[in-house]
>>> print(open('query-v8.pdb').read())   # PDB, C-alpha atoms
ATOM      1  CA  MET A   1       0.000   0.000   0.000
ATOM      2  CA  ASP A   2       1.476   3.287  -1.002
ATOM      3  CA  PHE A   3       0.552   6.285   1.060
ATOM      4  CA  LYS A   4       0.659   9.567  -0.792
ATOM      5  CA  ILE A   5      -0.176  13.105   0.232
ATOM      6  CA  ASP A   6      -0.353  15.731  -2.479
ATOM      7  CA  PHE A   7      -1.782  19.077  -1.523
ATOM      8  CA  SER A   8      -0.372  21.023  -4.474
ATOM      9  CA  LYS A   9      -3.629  20.792  -6.447
ATOM     10  CA  TRP A  10      -5.663  22.042  -3.520
ATOM     11  CA  TRP A  11      -4.181  25.517  -3.837
ATOM     12  CA  ASP A  12      -4.727  25.670  -7.591
ATOM     13  CA  VAL A  13      -7.185  28.337  -8.552
ATOM     14  CA  PRO A  14      -9.526  26.519 -10.955
ATOM     15  CA  THR A  15      -8.963  27.605 -14.543
ATOM     16  CA  VAL A  16     -10.787  27.097 -17.796
ATOM     17  CA  GLY A  17      -9.746  24.121 -19.863
ATOM     18  CA  LYS A  18      -7.875  22.131 -17.239
ATOM     19  CA  GLN A  19     -10.325  21.316 -14.488
ATOM     20  CA  ILE A  20     -13.682  22.140 -15.919
ATOM     21  CA  GLY A  21     -16.486  19.628 -16.068
ATOM     22  CA  LEU A  22     -18.974  17.737 -13.982
ATOM     23  CA  GLU A  23     -16.589  15.496 -12.065
ATOM     24  CA  SER A  24     -13.579  17.772 -11.877
ATOM     25  CA  PHE A  25     -13.754  18.453  -8.138
ATOM     26  CA  ASP A  26     -14.163  14.801  -7.278
ATOM     27  CA  SER A  27     -11.293  13.648  -9.449
ATOM     28  CA  ILE A  28      -8.526  15.555  -7.621
ATOM     29  CA  ASN A  29      -7.124  13.293  -4.931
ATOM     30  CA  LEU A  30      -5.337  14.881  -2.027
ATOM     31  CA  ILE A  31      -4.540  11.878   0.137
ATOM     32  CA  SER A  32      -4.402   8.414  -1.410
ATOM     33  CA  PHE A  33      -3.476   5.058   0.037
ATOM     34  CA  GLY A  34      -3.952   2.021  -2.157
ATOM     35  CA  ASP A  35      -7.390   1.978  -3.704
ATOM     36  CA  TRP A  36      -8.739   4.500  -1.243
ATOM     37  CA  ALA A  37      -8.473   8.218  -1.759
ATOM     38  CA  ILE A  38      -9.693  11.427  -0.203
ATOM     39  CA  ASN A  39     -10.577  14.006  -2.803
ATOM     40  CA  VAL A  40     -11.010  17.769  -2.616
ATOM     41  CA  THR A  41     -14.762  17.580  -2.024
ATOM     42  CA  ILE A  42     -14.468  15.325   1.017
ATOM     43  CA  PHE A  43     -11.555  17.282   2.444
ATOM     44  CA  ASN A  44     -13.331  20.612   2.016
ATOM     45  CA  SER A  45     -16.527  19.307   3.573
ATOM     46  CA  TRP A  46     -14.441  18.125   6.538
ATOM     47  CA  LEU A  47     -13.024  21.625   6.766
ATOM     48  CA  VAL A  48     -16.543  23.056   6.789
ATOM     49  CA  ILE A  49     -17.654  20.598   9.478
ATOM     50  CA  ALA A  50     -14.584  21.403  11.589
ATOM     51  CA  LEU A  51     -15.244  25.129  11.245
ATOM     52  CA  ILE A  52     -18.896  24.783  12.286
ATOM     53  CA  THR A  53     -17.971  22.535  15.224
ATOM     54  CA  LEU A  54     -15.245  24.908  16.400
ATOM     55  CA  LEU A  55     -17.492  27.971  16.177
ATOM     56  CA  SER A  56     -20.384  26.245  17.942
ATOM     57  CA  TYR A  57     -18.029  24.947  20.650
ATOM     58  CA  MET A  58     -16.563  28.390  21.217
ATOM     59  CA  VAL A  59     -19.973  30.043  21.390
ATOM     60  CA  THR A  60     -21.639  27.513  23.678
ATOM     61  CA  ARG A  61     -18.893  27.468  26.354
ATOM     62  CA  ASN A  62     -19.969  30.525  28.320
ATOM     63  CA  LEU A  63     -23.710  30.684  27.913
ATOM     64  CA  LYS A  64     -25.252  33.529  29.861
ATOM     65  CA  TYR A  65     -28.604  35.247  30.133
ATOM     66  CA  GLY A  66     -29.744  38.753  30.911
ATOM     67  CA  LYS A  67     -27.537  41.656  30.003
ATOM     68  CA  GLU A  68     -24.249  39.738  29.998
ATOM     69  CA  VAL A  69     -24.942  37.898  26.747
ATOM     70  CA  SER A  70     -21.991  37.965  24.366
ATOM     71  CA  LYS A  71     -22.264  39.038  20.737
ATOM     72  CA  ARG A  72     -21.493  35.544  19.442
ATOM     73  CA  GLN A  73     -24.261  34.048  21.518
ATOM     74  CA  ILE A  74     -26.702  36.635  20.197
ATOM     75  CA  MET A  75     -25.663  35.754  16.651
ATOM     76  CA  LEU A  76     -26.317  32.036  17.117
ATOM     77  CA  GLU A  77     -29.526  32.594  19.076
ATOM     78  CA  SER A  78     -30.947  34.931  16.456
ATOM     79  CA  LEU A  79     -30.116  32.364  13.763
ATOM     80  CA  VAL A  80     -31.955  29.622  15.641
ATOM     81  CA  LEU A  81     -34.927  31.868  16.419
ATOM     82  CA  TRP A  82     -35.171  33.008  12.807
ATOM     83  CA  LEU A  83     -35.186  29.455  11.488
ATOM     84  CA  GLN A  84     -37.688  28.459  14.172
ATOM     85  CA  LYS A  85     -40.020  31.217  12.997
ATOM     86  CA  GLU A  86     -39.625  30.224   9.341
ATOM     87  CA  ALA A  87     -40.219  26.560  10.156
ATOM     88  CA  LYS A  88     -43.331  27.426  12.120
ATOM     89  CA  GLU A  89     -44.732  29.414   9.195
ATOM     90  CA  THR A  90     -44.296  26.512   6.776
ATOM     91  CA  GLY A  91     -44.380  23.392   8.934
ATOM     92  CA  GLY A  92     -47.292  24.069  11.259
ATOM     93  CA  THR A  93     -47.461  24.348  15.024
ATOM     94  CA  GLU A  94     -45.258  21.401  15.994
ATOM     95  CA  SER A  95     -42.388  22.384  13.754
ATOM     96  CA  ASN A  96     -39.715  22.209  16.468
ATOM     97  CA  GLN A  97     -39.094  18.541  15.695
ATOM     98  CA  TYR A  98     -37.810  19.431  12.211
ATOM     99  CA  LEU A  99     -35.568  22.160  13.555
ATOM    100  CA  GLY A 100     -32.511  19.966  14.158
ATOM    101  CA  MET A 101     -32.462  18.621  10.626
ATOM    102  CA  ALA A 102     -33.243  21.984   9.036
ATOM    103  CA  MET A 103     -30.631  23.798  11.117
ATOM    104  CA  GLY A 104     -27.958  21.214  10.344
ATOM    105  CA  LEU A 105     -28.617  21.369   6.607
ATOM    106  CA  PHE A 106     -28.847  25.152   6.609
ATOM    107  CA  VAL A 107     -25.643  25.775   8.562
ATOM    108  CA  PHE A 108     -23.617  23.259   6.573
ATOM    109  CA  ILE A 109     -24.783  24.541   3.185
ATOM    110  CA  ILE A 110     -24.483  28.220   4.012
ATOM    111  CA  THR A 111     -20.986  27.800   5.454
ATOM    112  CA  ALA A 112     -19.855  25.837   2.411
ATOM    113  CA  ASN A 113     -21.413  28.394   0.061
ATOM    114  CA  LEU A 114     -20.117  31.487   1.802
ATOM    115  CA  LEU A 115     -16.564  30.114   1.901
ATOM    116  CA  THR A 116     -16.432  30.549  -1.885
ATOM    117  CA  ILE A 117     -15.151  34.081  -1.243
ATOM    118  CA  ILE A 118     -11.776  32.382  -0.699
ATOM    119  CA  PRO A 119     -10.613  32.059  -4.312
ATOM    120  CA  TRP A 120      -9.067  28.577  -4.137
ATOM    121  CA  PHE A 121     -11.770  27.047  -1.988
ATOM    122  CA  ARG A 122     -13.887  24.681  -4.036
ATOM    123  CA  PRO A 123     -17.254  24.492  -2.279
ATOM    124  CA  PRO A 124     -18.236  20.902  -1.483
ATOM    125  CA  THR A 125     -21.803  21.767  -2.496
ATOM    126  CA  ALA A 126     -20.617  22.207  -6.103
ATOM    127  CA  SER A 127     -20.177  18.431  -6.277
ATOM    128  CA  LEU A 128     -23.078  16.138  -7.123
ATOM    129  CA  SER A 129     -22.051  13.557  -4.500
ATOM    130  CA  THR A 130     -22.364  16.012  -1.604
ATOM    131  CA  THR A 131     -25.708  17.453  -2.666
ATOM    132  CA  MET A 132     -27.139  13.987  -3.325
ATOM    133  CA  ALA A 133     -25.980  12.893   0.144
ATOM    134  CA  LEU A 134     -27.760  15.900   1.642
ATOM    135  CA  ALA A 135     -30.857  15.073  -0.393
ATOM    136  CA  ALA A 136     -30.674  11.469   0.832
ATOM    137  CA  VAL A 137     -30.931  12.778   4.396
ATOM    138  CA  VAL A 138     -34.193  14.477   3.443
ATOM    139  CA  PHE A 139     -35.346  11.383   1.539
ATOM    140  CA  PHE A 140     -35.115   9.276   4.698
ATOM    141  CA  ALA A 141     -36.379  12.070   6.933
ATOM    142  CA  ILE A 142     -39.717  12.319   5.081
ATOM    143  CA  PRO A 143     -40.991   8.796   5.983
ATOM    144  CA  TYR A 144     -39.468   9.103   9.469
ATOM    145  CA  PHE A 145     -41.330  12.281  10.371
ATOM    146  CA  SER A 146     -44.483  11.223   8.505
ATOM    147  CA  ILE A 147     -44.744   7.886  10.342
ATOM    148  CA  LYS A 148     -43.868   9.545  13.624
ATOM    149  CA  ASN A 149     -46.629  12.112  13.234
ATOM    150  CA  ALA A 150     -49.416  10.337  11.371
ATOM    151  CA  GLY A 151     -48.635   6.641  11.823
ATOM    152  CA  ILE A 152     -47.727   4.212   9.063
ATOM    153  CA  LYS A 153     -51.307   4.186   7.794
ATOM    154  CA  GLY A 154     -51.394   7.932   7.392
ATOM    155  CA  TYR A 155     -48.065   7.863   5.576
ATOM    156  CA  LEU A 156     -49.162   5.179   3.097
ATOM    157  CA  LYS A 157     -52.467   6.928   2.598
ATOM    158  CA  LYS A 158     -50.596   9.835   1.037
ATOM    159  CA  PHE A 159     -49.680   7.667  -1.938
ATOM    160  CA  VAL A 160     -53.239   6.759  -2.916
ATOM    161  CA  GLU A 161     -54.602  10.270  -2.754
ATOM    162  CA  PRO A 162     -56.640  11.614  -4.458
ATOM    163  CA  MET A 163     -57.231   8.434  -6.483
ATOM    164  CA  PRO A 164     -55.727   4.935  -6.130
ATOM    165  CA  PHE A 165     -54.546   4.916  -9.756
ATOM    166  CA  MET A 166     -52.287   7.889  -8.964
ATOM    167  CA  LEU A 167     -49.983   5.550  -6.981
ATOM    168  CA  PRO A 168     -47.093   5.370  -9.486
ATOM    169  CA  LEU A 169     -47.217   9.120 -10.070
ATOM    170  CA  ASN A 170     -47.103   9.796  -6.337
ATOM    171  CA  ILE A 171     -44.126   7.484  -5.889
ATOM    172  CA  PHE A 172     -42.323   9.196  -8.769
ATOM    173  CA  SER A 173     -43.051  12.634  -7.380
ATOM    174  CA  GLU A 174     -41.794  11.520  -3.968
ATOM    175  CA  ILE A 175     -38.471  10.430  -5.457
ATOM    176  CA  PHE A 176     -38.032  13.235  -7.960
ATOM    177  CA  SER A 177     -38.901  16.064  -5.607
ATOM    178  CA  VAL A 178     -35.972  15.004  -3.432
ATOM    179  CA  LEU A 179     -33.711  14.397  -6.449
ATOM    180  CA  ALA A 180     -34.570  17.879  -7.700
ATOM    181  CA  MET A 181     -33.468  19.354  -4.363
ATOM    182  CA  GLY A 182     -29.998  17.877  -4.771
ATOM    183  CA  LEU A 183     -29.785  18.819  -8.434
ATOM    184  CA  ARG A 184     -30.934  22.374  -7.722
ATOM    185  CA  LEU A 185     -28.251  23.026  -5.135
ATOM    186  CA  PHE A 186     -25.615  21.375  -7.317
ATOM    187  CA  GLY A 187     -26.629  23.296 -10.426
ATOM    188  CA  ASN A 188     -26.697  26.639  -8.665
ATOM    189  CA  MET A 189     -23.314  26.232  -7.018
ATOM    190  CA  LEU A 190     -21.651  24.709 -10.084
ATOM    191  CA  SER A 191     -22.989  27.449 -12.343
ATOM    192  CA  GLY A 192     -21.686  30.084  -9.933
ATOM    193  CA  VAL A 193     -18.229  28.515  -9.772
ATOM    194  CA  MET A 194     -17.993  27.911 -13.502
ATOM    195  CA  PHE A 195     -19.320  31.317 -14.413
ATOM    196  CA  ALA A 196     -16.664  32.973 -12.278
ATOM    197  CA  MET A 197     -14.056  30.689 -13.887
ATOM    198  CA  ILE A 198     -15.096  31.446 -17.453
ATOM    199  CA  LEU A 199     -15.460  35.166 -16.792
ATOM    200  CA  SER A 200     -12.027  35.398 -15.186
ATOM    201  CA  ALA A 201     -10.545  33.995 -18.380
ATOM    202  CA  PHE A 202     -11.955  36.921 -20.384
ATOM    203  CA  ILE A 203     -12.071  39.830 -17.909
ATOM    204  CA  PRO A 204      -9.677  38.943 -15.091
ATOM    205  CA  PHE A 205     -10.048  41.945 -12.808
ATOM    206  CA  VAL A 206     -13.363  43.450 -11.687
ATOM    207  CA  ALA A 207     -16.087  41.422 -13.370
ATOM    208  CA  PRO A 208     -15.518  38.092 -11.519
ATOM    209  CA  LEU A 209     -15.747  39.958  -8.215
ATOM    210  CA  ILE A 210     -19.262  41.182  -8.997
ATOM    211  CA  MET A 211     -20.353  37.745 -10.123
ATOM    212  CA  GLN A 212     -18.865  36.142  -7.008
ATOM    213  CA  SER A 213     -20.734  38.554  -4.756
ATOM    214  CA  LEU A 214     -23.883  37.596  -6.649
ATOM    215  CA  GLY A 215     -22.873  33.984  -5.984
ATOM    216  CA  LEU A 216     -22.852  34.704  -2.240
ATOM    217  CA  LEU A 217     -26.471  35.877  -2.475
ATOM    218  CA  THR A 218     -27.422  32.802  -4.524
ATOM    219  CA  GLY A 219     -25.636  30.539  -2.055
ATOM    220  CA  SER A 220     -27.433  31.912   0.985
ATOM    221  CA  ILE A 221     -30.811  31.758  -0.771
ATOM    222  CA  GLN A 222     -30.133  28.161  -1.809
ATOM    223  CA  ALA A 223     -29.224  27.185   1.761
ATOM    224  CA  TYR A 224     -32.459  28.793   3.002
ATOM    225  CA  ILE A 225     -34.504  27.056   0.319
ATOM    226  CA  PHE A 226     -32.929  23.659   0.982
ATOM    227  CA  ALA A 227     -33.709  23.856   4.693
ATOM    228  CA  LEU A 228     -37.203  25.190   4.039
ATOM    229  CA  LEU A 229     -38.035  22.523   1.452
ATOM    230  CA  ALA A 230     -36.819  19.832   3.853
ATOM    231  CA  VAL A 231     -39.327  21.151   6.405
ATOM    232  CA  VAL A 232     -42.079  21.434   3.770
ATOM    233  CA  TYR A 233     -41.635  17.859   2.529
ATOM    234  CA  SER A 234     -41.282  16.437   6.048
ATOM    235  CA  SER A 235     -44.448  18.132   7.235
ATOM    236  CA  SER A 236     -46.497  17.310   4.134
ATOM    237  CA  VAL A 237     -48.392  14.369   5.615
ATOM    238  CA  LYS A 238     -49.240  16.049   8.873
ATOM    239  CA  LYS A 239     -50.604  19.134   7.199
ATOM    240  CA  GLU A 240     -53.087  17.222   5.060
ATOM    241  CA  ILE A 241     -54.522  15.398   8.071
ATOM    242  CA  GLN A 242     -54.909  18.652   9.940
ATOM    243  CA  SER A 243     -56.738  20.265   7.053
ATOM    244  CA  GLN A 244     -59.086  17.292   6.792
ATOM    245  CA  THR A 245     -60.130  17.424  10.434
ATOM    246  CA  ILE A 246     -60.788  21.153  10.395
TER     247      ILE A 246
ATOM    248  CA  MET B   1     -15.523  16.850 -42.295
ATOM    249  CA  ASP B   2     -14.573  14.027 -39.946
ATOM    250  CA  SER B   3     -16.567  12.808 -36.968
ATOM    251  CA  TYR B   4     -14.594  14.974 -34.488
ATOM    252  CA  ALA B   5     -15.695  18.184 -36.174
ATOM    253  CA  ILE B   6     -19.313  17.093 -36.526
ATOM    254  CA  ILE B   7     -19.590  15.977 -32.899
ATOM    255  CA  GLY B   8     -17.898  19.127 -31.602
ATOM    256  CA  ALA B   9     -20.014  21.487 -33.664
ATOM    257  CA  VAL B  10     -23.276  19.737 -32.861
ATOM    258  CA  SER B  11     -22.416  19.612 -29.136
ATOM    259  CA  VAL B  12     -21.751  23.344 -28.906
ATOM    260  CA  LEU B  13     -24.796  24.227 -30.988
ATOM    261  CA  GLY B  14     -26.994  21.853 -28.994
ATOM    262  CA  ALA B  15     -25.756  23.239 -25.686
ATOM    263  CA  CYS B  16     -26.442  26.829 -26.757
ATOM    264  CA  ILE B  17     -29.946  26.058 -28.031
ATOM    265  CA  CYS B  18     -30.705  23.952 -24.951
ATOM    266  CA  MET B  19     -29.646  26.744 -22.600
ATOM    267  CA  GLY B  20     -31.505  29.418 -24.550
ATOM    268  CA  ILE B  21     -34.842  27.673 -24.832
ATOM    269  CA  GLY B  22     -34.558  26.037 -21.434
ATOM    270  CA  SER B  23     -34.004  29.322 -19.609
ATOM    271  CA  LEU B  24     -36.737  31.111 -21.557
ATOM    272  CA  GLY B  25     -39.708  29.422 -19.945
ATOM    273  CA  SER B  26     -38.196  29.487 -16.487
ATOM    274  CA  ALA B  27     -37.408  33.195 -16.791
ATOM    275  CA  LEU B  28     -40.959  34.034 -17.888
ATOM    276  CA  GLY B  29     -42.407  32.006 -15.024
ATOM    277  CA  GLU B  30     -40.094  33.571 -12.463
ATOM    278  CA  GLY B  31     -40.988  37.035 -13.703
ATOM    279  CA  GLN B  32     -44.681  36.352 -13.301
ATOM    280  CA  THR B  33     -44.120  34.907  -9.835
ATOM    281  CA  ALA B  34     -42.106  37.909  -8.702
ATOM    282  CA  ALA B  35     -44.649  40.334 -10.155
ATOM    283  CA  ALA B  36     -47.535  38.599  -8.408
ATOM    284  CA  ALA B  37     -45.631  38.422  -5.122
ATOM    285  CA  MET B  38     -44.764  42.129  -5.299
ATOM    286  CA  GLN B  39     -48.362  43.031  -6.003
ATOM    287  CA  ALA B  40     -49.470  40.971  -3.027
ATOM    288  CA  MET B  41     -46.790  42.564  -0.835
ATOM    289  CA  ALA B  42     -47.903  46.044  -1.871
ATOM    290  CA  GLN B  43     -51.504  45.201  -1.038
ATOM    291  CA  GLN B  44     -50.737  43.517   2.293
ATOM    292  CA  PRO B  45     -47.469  44.846   3.744
ATOM    293  CA  ASP B  46     -48.140  43.025   7.022
ATOM    294  CA  GLU B  47     -47.855  39.652   5.332
ATOM    295  CA  ALA B  48     -44.661  40.591   3.482
ATOM    296  CA  SER B  49     -42.347  38.175   5.312
ATOM    297  CA  LYS B  50     -44.632  35.192   4.737
ATOM    298  CA  LEU B  51     -45.094  36.122   1.088
ATOM    299  CA  ARG B  52     -41.366  36.540   0.641
ATOM    300  CA  SER B  53     -40.517  33.087   1.982
ATOM    301  CA  THR B  54     -43.202  31.490  -0.159
ATOM    302  CA  MET B  55     -41.957  33.415  -3.176
ATOM    303  CA  PHE B  56     -38.404  32.188  -2.651
ATOM    304  CA  VAL B  57     -39.537  28.569  -2.479
ATOM    305  CA  CYS B  58     -41.601  28.984  -5.643
ATOM    306  CA  LEU B  59     -38.723  30.703  -7.439
ATOM    307  CA  ALA B  60     -36.380  27.874  -6.517
ATOM    308  CA  MET B  61     -38.840  25.316  -7.846
ATOM    309  CA  LEU B  62     -39.239  27.217 -11.111
ATOM    310  CA  GLU B  63     -35.513  27.601 -11.456
ATOM    311  CA  THR B  64     -35.092  23.829 -11.433
ATOM    312  CA  THR B  65     -36.191  23.502 -15.052
ATOM    313  CA  ALA B  66     -33.530  25.972 -16.176
ATOM    314  CA  LEU B  67     -30.983  24.053 -14.121
ATOM    315  CA  TYR B  68     -31.903  20.821 -15.868
ATOM    316  CA  ALA B  69     -31.186  22.603 -19.152
ATOM    317  CA  LEU B  70     -27.874  23.791 -17.707
ATOM    318  CA  LEU B  71     -26.949  20.243 -16.695
ATOM    319  CA  ILE B  72     -27.775  18.943 -20.163
ATOM    320  CA  ALA B  73     -25.673  21.722 -21.682
ATOM    321  CA  PHE B  74     -22.747  20.815 -19.412
ATOM    322  CA  LEU B  75     -23.156  17.155 -20.327
ATOM    323  CA  ALA B  76     -23.105  18.006 -24.025
ATOM    324  CA  LEU B  77     -20.052  20.226 -23.657
ATOM    325  CA  TYR B  78     -17.822  18.544 -21.090
ATOM    326  CA  ALA B  79     -19.027  14.986 -20.563
ATOM    327  CA  ASN B  80     -20.195  14.061 -24.029
ATOM    328  CA  PRO B  81     -20.438  10.250 -24.265
ATOM    329  CA  PHE B  82     -20.110  10.267 -28.069
ATOM    330  CA  TRP B  83     -16.768  12.024 -27.875
ATOM    331  CA  ASN B  84     -15.055   8.981 -26.352
ATOM    332  CA  TYR B  85     -16.798   6.796 -28.909
ATOM    333  CA  ALA B  86     -15.358   8.872 -31.741
ATOM    334  CA  ILE B  87     -11.883   8.668 -30.186
ATOM    335  CA  THR B  88     -12.027   4.878 -29.959
ATOM    336  CA  GLN B  89     -13.334   4.602 -33.528
ATOM    337  CA  ASN B  90     -10.374   6.441 -35.060
TER     338      ASN B  90
END
>>> encode(input="query-v8.pdb", output="structure tokens")
Amino acid sequence: MDFKIDFSKWWDVPTVGKQIGLESFDSINLISFGDWAINVTIFNSWLVIALITLLSYMVTRNLKYGKEVSKRQIMLESLVLWLQKEAKETGGTESNQYLGMAMGLFVFIITANLLTIIPWFRPPTASLSTTMALAAVVFFAIPYFSIKNAGIKGYLKKFVEPMPFMLPLNIFSEIFSVLAMGLRLFGNMLSGVMFAMILSAFIPFVAPLIMQSLGLLTGSIQAYIFALLAVVYSSSVKKEIQSQTI
Amino acid sequence: MDSYAIIGAVSVLGACICMGIGSLGSALGEGQTAAAAMQAMAQQPDEASKLRSTMFVCLAMLETTALYALLIAFLALYANPFWNYAITQN
């Protein structure tokens, strides 16, 4: 088994021609031993996870209340309260159960997307494997929350509504709505990265900066939408039952 | 004109047409959504935050069709399966 560490590619600013394409971020191996390898996407997502863990650890050490609250604690608390409010508006009254999943997805995606301001950082969300893994979390969360809230009968009833012959269509829509979530995040991030790449080949100085700042806006909106859609899909079964009883 | 030239030309042309037509419908739909949401926000400023979050979700869903076109364009340009076939043929 040969153990090899090669971080020279990690610092490469992506350029047109060399590393463009759908699988370019996944094909750069940083650490490889034998058949196993750790590519840029995995390494960068580890960096994002480490950053989130470090920040959360630092903030939650000295929790206070009253007038002694630190600025960092206010930042995190306002983030949680904001997402709680948004989840309540879309997911109904008992939306606190979705908050852990939504918060985790939101914080991971927004940190990965906002780190694109560092020029050589390839966001892990611009790789199809990461976004599909995030979508898989939602795919398994939908039956979990549905069965937890409405029972297995209520969950299966969703597939034969409004007519029993709609069953295959409902199954397809269940799968493709989640697939579309992953593809949407991937497409948005990849288009942002590649647009900045292609533009910097033509106009190297000011124009990529403007497009990258637009990419920051797109990235934060995509993180918000991903978390919100996860709540919407997870709470879909419960909502219908509530509306029937009223 | 050998197969390289034909495949390259058709890939670029196909990607451009795919992106153009694919983004057209999505752009029209997003414009209508934004216009309707702004009208609703002007009529009911109290409900603006709720309308805004709903509008963002709807915009993201509409944008998906344009992103499918983008993915197909990328596939045609950078991951064209017929390109490797042409290389192995020659």
>>> closest_atom_pairs(input="query-v8.pdb", of="chain B", to="chain A", cutoff="10 Å", atoms="all atoms listed in the file", output="tab-separated table")
residue	atom	partner	partner_atom	distance
B:Ser49	CA	A:Glu86	CA	9.3
B:Lys50	CA	A:Glu89	CA	7.3
B:Ser53	CA	A:Glu86	CA	7.9
B:Thr54	CA	A:Thr90	CA	8.6
B:Phe56	CA	A:Ile225	CA	7.1
B:Val57	CA	A:Ile225	CA	6.0
B:Cys58	CA	A:Ile225	CA	9.5
B:Leu59	CA	A:Ile225	CA	9.6
B:Ala60	CA	A:Ile225	CA	7.1
B:Met61	CA	A:Arg184	CA	8.4
B:Glu63	CA	A:Arg184	CA	7.9
B:Thr64	CA	A:Arg184	CA	5.8
B:Thr65	CA	A:Arg184	CA	9.1
B:Ala66	CA	A:Gly187	CA	9.4
B:Leu67	CA	A:Gly187	CA	5.8
B:Tyr68	CA	A:Gly187	CA	8.0
B:Ala69	CA	A:Gly187	CA	9.9
B:Leu70	CA	A:Gly187	CA	7.4
B:Leu71	CA	A:Gly187	CA	7.0
B:Phe74	CA	A:Gly21	CA	7.2
B:Leu75	CA	A:Leu22	CA	7.6
B:Leu77	CA	A:Gly21	CA	8.4
B:Tyr78	CA	A:Gly21	CA	5.3
B:Ala79	CA	A:Gly21	CA	6.9
>>> atom_distance(input="query-v8.pdb", atom1="CA of Glu174 (chain A)", atom2="CA of Asn96 (chain A)")
23.2 Å
>>> atom_distance(input="query-v8.pdb", atom1="CA of Val107 (chain A)", atom2="CA of Met197 (chain A)")
25.7 Å
>>> atom_distance(input="query-v8.pdb", atom1="CA of Val137 (chain A)", atom2="CA of Ser235 (chain A)")
14.8 Å
>>> residues_near_point(input="query-v8.pdb", point="(-28.6, 28.7, -19.4)", cutoff="9 Å", atoms="only C-alpha atoms", output="number ranges by chain")
B: 15-16, 18-24, 66-67, 69-70, 73
>>> axis_aligned_box(input="query-v8.pdb", around="region 226-231 of chain A", padding_each_side="8 Å", output="JSON")
{"center_x": -36.1, "center_y": 22.5, "center_z": 3.7, "size_x": 22.4, "size_y": 21.4, "size_z": 21.4}
>>> closest_residue(input="query-v8.pdb", among="B:Leu62, B:Ala48, B:Ile87, B:Ile6", to="Ala27 (chain B)", atoms="all atoms listed in the file")
B:Leu62
>>> resolve_selection(input="query-v8.pdb", expression="the PyMOL selection byres ((chain A and resi 28-38) around 7)", output="MDAnalysis selection string")
chainID A and resid 1:7 24:27 39:40 42:43
>>> residues_around(input="query-v8.pdb", residues="Ile152 (chain A)", least_positions_apart="6", cutoff="12 Å", atoms="only C-alpha atoms", output="PyMOL selection string")
chain A and resi 143-146+158-159+237-238
>>> resolve_selection(input="query-v8.pdb", expression="the PyMOL selection byres ((chain B and resi 32-35) around 10)", output="mmCIF file with C-alpha atoms, in the coordinates of the input")
data_model
loop_
_atom_site.group_PDB
_atom_site.id
_atom_site.type_symbol
_atom_site.label_atom_id
_atom_site.label_comp_id
_atom_site.auth_asym_id
_atom_site.auth_seq_id
_atom_site.Cartn_x
_atom_site.Cartn_y
_atom_site.Cartn_z
ATOM 1 C CA SER B 26 -38.196 29.487 -16.487
ATOM 2 C CA ALA B 27 -37.408 33.195 -16.791
ATOM 3 C CA LEU B 28 -40.959 34.034 -17.888
ATOM 4 C CA GLY B 29 -42.407 32.006 -15.024
ATOM 5 C CA GLU B 30 -40.094 33.571 -12.463
ATOM 6 C CA GLY B 31 -40.988 37.035 -13.703
ATOM 7 C CA ALA B 36 -47.535 38.599 -8.408
ATOM 8 C CA ALA B 37 -45.631 38.422 -5.122
ATOM 9 C CA MET B 38 -44.764 42.129 -5.299
ATOM 10 C CA GLN B 39 -48.362 43.031 -6.003
ATOM 11 C CA ALA B 40 -49.470 40.971 -3.027
ATOM 12 C CA MET B 41 -46.790 42.564 -0.835
ATOM 13 C CA ARG B 52 -41.366 36.540 0.641
ATOM 14 C CA MET B 55 -41.957 33.415 -3.176
ATOM 15 C CA PHE B 56 -38.404 32.188 -2.651
ATOM 16 C CA CYS B 58 -41.601 28.984 -5.643
ATOM 17 C CA LEU B 59 -38.723 30.703 -7.439
ATOM 18 C CA LEU B 62 -39.239 27.217 -11.111
#
>>> resolve_selection(input="query-v8.pdb", expression="the PyMOL selection byres ((chain A and resi 83) around 10)", output="tab-separated table (two decimals) with C-alpha atoms, in the coordinates of the input")
chain	number	residue	atom	x	y	z
A	77	GLU	CA	-29.53	32.59	19.08
A	78	SER	CA	-30.95	34.93	16.46
A	79	LEU	CA	-30.12	32.36	13.76
A	80	VAL	CA	-31.96	29.62	15.64
A	81	LEU	CA	-34.93	31.87	16.42
A	82	TRP	CA	-35.17	33.01	12.81
A	84	GLN	CA	-37.69	28.46	14.17
A	85	LYS	CA	-40.02	31.22	13.00
A	86	GLU	CA	-39.62	30.22	9.34
A	87	ALA	CA	-40.22	26.56	10.16
A	88	LYS	CA	-43.33	27.43	12.12
A	89	GLU	CA	-44.73	29.41	9.20
A	96	ASN	CA	-39.72	22.21	16.47
A	99	LEU	CA	-35.57	22.16	13.56
A	102	ALA	CA	-33.24	21.98	9.04
A	103	MET	CA	-30.63	23.80	11.12
A	106	PHE	CA	-28.85	25.15	6.61
A	224	TYR	CA	-32.46	28.79	3.00
A	227	ALA	CA	-33.71	23.86	4.69
A	228	LEU	CA	-37.20	25.19	4.04
